[in-house]
Each structure stands twice: as structure tokens, then as C-alpha cells.
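Here's run_16.cif, which has mmCIF, C-alpha atoms:
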data_upload
loop_
_atom_site.label_atom_id
_atom_site.label_comp_id
_atom_site.auth_asym_id
_atom_site.auth_seq_id
_atom_site.Cartn_x
_atom_site.Cartn_y
_atom_site.Cartn_z
CA MET A 19 82.26 62.42 -4.84
CA ILE A 20 83.96 59.32 -6.09
CA ASP A 21 84.72 56.78 -3.38
CA ARG A 22 88.22 55.89 -4.59
CA ARG A 23 88.46 52.97 -2.11
CA ALA A 24 85.28 51.42 -3.46
CA ALA A 25 86.53 52.02 -7.02
CA SER A 26 89.77 50.22 -6.13
CA ASP A 27 87.78 47.30 -4.73
CA ARG A 28 85.63 47.09 -7.87
CA PHE A 29 88.77 47.31 -10.03
CA LEU A 30 90.44 44.41 -8.23
CA SER A 31 87.22 42.35 -8.30
CA CYS A 32 87.54 42.26 -12.11
CA TYR A 33 90.84 40.41 -11.69
CA ALA A 34 89.72 38.16 -8.82
CA GLY A 35 90.87 34.97 -10.57
CA MET A 36 94.43 36.19 -11.13
CA ARG A 37 97.40 35.82 -8.87
CA ARG A 38 98.82 39.17 -7.77
CA LYS A 39 102.11 38.44 -9.50
CA ASP A 40 100.31 37.83 -12.82
CA LEU A 41 98.16 40.91 -12.41
CA ALA A 42 101.23 42.99 -11.63
CA SER A 43 102.84 41.72 -14.83
CA LEU A 44 99.73 42.51 -16.88
CA LEU A 45 99.50 46.04 -15.48
CA GLN A 46 103.25 46.61 -15.56
CA VAL A 47 103.58 47.39 -11.85
CA HIS A 48 105.43 45.77 -8.97
CA HIS A 49 103.39 43.12 -7.13
CA VAL A 50 103.62 45.20 -3.95
CA VAL A 51 101.54 47.87 -5.69
CA ILE A 52 98.70 45.36 -6.12
CA THR A 53 98.88 44.65 -2.39
CA ARG A 54 98.66 48.39 -1.66
CA TRP A 55 95.59 48.70 -3.87
CA ALA A 56 94.01 45.76 -2.04
CA LYS A 57 94.61 47.60 1.24
CA GLY A 58 92.90 50.76 0.01
CA ALA A 59 95.45 52.75 -1.96
CA ASN A 60 94.07 54.53 -5.01
CA VAL A 61 94.35 52.76 -8.34
CA PRO A 62 95.77 55.26 -10.88
CA TRP A 63 93.41 56.55 -13.56
CA ASN A 64 95.43 54.99 -16.38
CA LYS A 65 94.96 51.53 -14.82
CA LEU A 66 91.21 52.16 -14.50
CA LYS A 67 91.25 53.16 -18.18
CA PHE A 68 93.11 49.96 -19.06
CA LEU A 69 90.37 47.92 -17.37
CA SER A 70 87.58 49.92 -18.99
CA ASP A 71 89.10 49.54 -22.45
CA SER A 72 90.27 45.93 -22.26
CA GLN A 73 87.21 44.42 -20.55
CA SER A 74 84.58 47.00 -21.58
CA VAL A 75 83.87 47.75 -17.95
CA SER A 76 81.53 50.69 -17.47
CA TRP A 77 83.03 53.82 -15.94
CA ASP A 78 79.70 54.33 -14.14
CA TRP A 79 80.05 50.95 -12.47
CA LEU A 80 83.76 51.34 -11.81
CA LEU A 81 83.55 54.81 -10.24
CA GLU A 82 80.10 54.78 -8.66
CA GLY A 83 79.00 51.15 -8.50
CA THR A 84 75.94 51.73 -10.72
CA GLU A 85 74.79 48.98 -13.04
CA PRO A 86 75.36 47.67 -15.60
CA LYS A 87 78.92 46.56 -15.07
CA HIS A 88 79.71 46.39 -18.78
CA SER A 89 79.60 49.45 -20.99
CA GLY A 90 78.62 47.73 -24.21
CA LYS A 91 81.66 49.06 -26.05
CA VAL A 92 83.84 46.60 -27.88
CA PRO A 93 86.84 45.56 -25.78
CA VAL A 94 90.17 46.57 -27.27
CA GLU A 95 93.68 45.39 -26.70
CA PRO A 96 95.46 48.50 -25.45
CA GLU A 97 98.96 48.88 -26.87
CA SER A 98 100.29 49.18 -23.33
CA ALA A 99 99.10 49.30 -19.76
CA HIS A 100 99.22 53.09 -20.02
CA PRO A 101 96.42 54.04 -22.42
CA GLU A 102 95.85 57.69 -23.16
CA PHE A 103 92.66 59.51 -22.37
CA ASP A 104 91.06 61.40 -25.25
CA VAL A 105 91.60 64.79 -23.61
CA THR A 106 90.03 66.75 -26.45
CA GLY A 107 86.90 64.57 -26.45
CA ILE A 108 86.51 64.71 -22.68
CA ASN A 109 87.04 68.47 -22.61
CA THR A 110 84.61 69.02 -25.50
CA ARG A 111 81.89 66.96 -23.83
CA PHE A 112 82.50 68.71 -20.50
CA VAL A 113 82.32 72.23 -21.98
CA SER A 114 79.23 71.29 -24.03
CA LEU A 115 77.34 70.92 -20.75
CA PHE A 116 77.58 74.68 -20.28
CA THR A 117 75.64 75.50 -23.46
CA GLY A 118 74.80 79.17 -23.72
CA MET A 119 77.46 80.22 -21.26
CA SER A 120 80.58 82.15 -22.18
CA GLN A 121 84.00 80.95 -21.10
CA ALA A 122 83.97 83.72 -18.50
CA ASP A 123 80.62 82.47 -17.15
CA ILE A 124 81.96 78.91 -16.97
CA ALA A 125 85.09 80.11 -15.16
CA GLN A 126 83.00 82.02 -12.65
CA ALA A 127 80.60 79.11 -12.09
CA LEU A 128 83.48 76.67 -11.50
CA GLU A 129 85.64 79.14 -9.57
CA VAL A 130 88.58 78.78 -11.95
CA SER A 131 90.41 81.32 -14.07
CA LEU A 132 89.31 82.31 -17.56
CA PRO A 133 92.67 81.16 -19.03
CA THR A 134 92.07 77.73 -17.45
CA VAL A 135 88.69 77.37 -19.19
CA ASN A 136 90.26 78.60 -22.43
CA GLN A 137 92.93 75.89 -22.13
CA TRP A 138 90.22 73.26 -21.62
CA CYS A 139 88.34 74.51 -24.69
CA HIS A 140 91.47 74.27 -26.82
CA GLY A 141 92.66 70.92 -25.46
CA VAL A 142 95.85 72.40 -23.99
CA CYS A 143 95.23 70.64 -20.68
CA ARG A 144 92.62 68.25 -19.40
CA VAL A 145 89.68 69.15 -17.21
CA PRO A 146 90.59 68.01 -13.66
CA TRP A 147 88.79 65.04 -12.12
CA LYS A 148 87.22 67.30 -9.50
CA GLN A 149 85.48 69.26 -12.26
CA LEU A 150 84.45 66.09 -14.12
CA ASP A 151 82.96 64.73 -10.89
CA PHE A 152 81.08 68.05 -10.51
CA ALA A 153 79.67 67.62 -14.03
CA VAL A 154 78.47 64.09 -13.33
CA THR A 155 76.83 65.20 -10.08
CA HIS A 156 75.48 68.59 -11.17
CA PHE A 157 74.31 67.75 -14.72
CA GLY A 158 73.46 64.09 -14.09
CA VAL A 159 75.51 62.79 -17.00
CA ARG A 160 77.07 59.34 -17.13
CA TRP A 161 80.78 58.78 -16.62
CA ASP A 162 80.74 56.52 -19.68
CA TRP A 163 79.51 59.43 -21.81
CA LEU A 164 81.88 61.97 -20.28
CA LEU A 165 85.04 59.86 -20.52
CA ASP A 166 84.41 57.67 -23.58
CA GLY A 167 81.54 59.40 -25.40
CA LEU A 168 79.22 56.39 -25.01
CA GLU A 169 75.50 57.04 -25.30
CA PRO A 170 73.17 57.56 -23.63
CA LYS A 171 74.41 60.78 -22.09
CA ILE A 172 71.96 60.62 -19.18
CA PRO A 173 71.35 57.41 -17.18
CA HIS A 174 68.09 55.56 -17.71
CA HIS A 175 65.99 55.48 -14.56
CA LYS A 176 63.73 52.57 -13.79
#
Any chance you could put this one into C-alpha cells?
Amino acid sequence: MIDRRAASDRFLSCYAGMRRKDLASLLQVHHVVITRWAKGANVPWNKLKFLSDSQSVSWDWLLEGTEPKHSGKVPVEPESAHPEFDVTGINTRFVSLFTGMSQADIAQALEVSLPTVNQWCHGVCRVPWKQLDFAVTHFGVRWDWLLDGLEPKIPHHK
């Protein structure tokens, strides 16, 4: 399971040199929200995505604290502080983990309805974070691969 508090702490550590007012302006939130995050409130996924995209921070580091901190992808200037997740790409990578299984088998394994899995396969709705976390834990894939398609798919072990 993702320790959202620890993820919030890692998120804020990437902006340690900024005043809260400036950070709030950058992220397009009220400065009180930054204070809430510092006290343990969950940082929204779109703000985590903003950090990952703009500073090439690894999702694996951000969500689980595993090294390296930087993903190796080229930082981009997001058009806004509310970047979109590539739902189709995430769903496709998630479903690909169940190779050889029918949609009905996937639904049964994940204890969700068949129409839900069908919607994931067709990009109608995104796979919930709970299921993505299951995939990372159960299949041993990297968050960076699952969310952004960055290789390698499986972490290197020393």
C-alpha cells in the first residue's frame, strides 16, 4: 500500500527551497493547502503528476521512496498545474499484465464486474489507484512503467 503521508513528505521535499506562498502560486492552490499537505493531508494525484512531469521525479521514489529519485525522462513544462494522465496508456499497461486471461477472468481475480474491466480495456474510465497499487505489488512492476510507460518494466535488483 502507498503511504500517502510519506508521499506527501517526499513531494514537499522537492520544493524545500520555496516559500509556501510561491509554491501555492506555482501549483495554483491556496497557501493554506500547502500547510495542510505539510501536516499530513494527501497531495492530489494531479499535483504529484505535475512534479513528476516538470522535474522528472520518479513515481517509484515519489510513491514508495525507492531510488533513484529521478526517472530519467525529459522534464516538460506542463501547460497547467493540472496535467492529464494518459488513461488509455495506463489501462493498456495494466491489462497487459493479465496476459492469457479473459476479461471475465480478470474481473473475477480483481473482484470487480466484467463491465468494469471492459470499460478499462476500452479507455472509458481509468483503472482505480487501488488496482494499480495491486499490480505494482502483485506483479512487481514499477510505478514509472505503469503510469508513464518508462522502461524497465521491472525494477533492477542489486
How would you write, as a PyMOL selection string, the residues chosen by the PyMOL selection byres ((chain A and resi 160) around 6) on this structure?
chain A and resi 159+161-163+171-172
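Distances from A:Leu69, A:Ala25, A:Leu128, A:Leu164 to Leu44 in chain A were compared using all atoms listed in the file, and the smallest one belongs to A:Leu69.
When all atoms listed in the file are used to compute distances to Glu169 in chain A, the closest of the residues A:Arg22, A:Asp71, A:Val135, A:Ser89 turns out to be A:Ser89.
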Pull out every residue that the PyMOL selection byres ((chain A and resi 48-57) around 10) matches in the shown coordinates and put them as a VMD selection string.
chain A and resid 23 26 to 27 29 to 31 37 to 43 45 to 47 58 to 62
Residues returned when the PyMOL selection byres ((chain A and resi 115) around 12) runs on this file, as number ranges by chain:
A: 108-114, 116-120, 124, 149-150, 152-154, 156-159, 163-164, 171-172
Keeping C-alpha atoms, export the residues of the selection given above as a CSV table (one decimal), in the coordinates of the input.
chain,number,residue,atom,x,y,z
A,108,ILE,CA,86.5,64.7,-22.7
A,109,ASN,CA,87.0,68.5,-22.6
A,110,THR,CA,84.6,69.0,-25.5
A,111,ARG,CA,81.9,67.0,-23.8
A,112,PHE,CA,82.5,68.7,-20.5
A,113,VAL,CA,82.3,72.2,-22.0
A,114,SER,CA,79.2,71.3,-24.0
A,116,PHE,CA,77.6,74.7,-20.3
A,117,THR,CA,75.6,75.5,-23.5
A,118,GLY,CA,74.8,79.2,-23.7
A,119,MET,CA,77.5,80.2,-21.3
A,120,SER,CA,80.6,82.2,-22.2
A,124,ILE,CA,82.0,78.9,-17.0
A,149,GLN,CA,85.5,69.3,-12.3
A,150,LEU,CA,84.4,66.1,-14.1
A,152,PHE,CA,81.1,68.0,-10.5
A,153,ALA,CA,79.7,67.6,-14.0
A,154,VAL,CA,78.5,64.1,-13.3
A,156,HIS,CA,75.5,68.6,-11.2
A,157,PHE,CA,74.3,67.8,-14.7
A,158,GLY,CA,73.5,64.1,-14.1
A,159,VAL,CA,75.5,62.8,-17.0
A,163,TRP,CA,79.5,59.4,-21.8
A,164,LEU,CA,81.9,62.0,-20.3
A,171,LYS,CA,74.4,60.8,-22.1
A,172,ILE,CA,72.0,60.6,-19.2
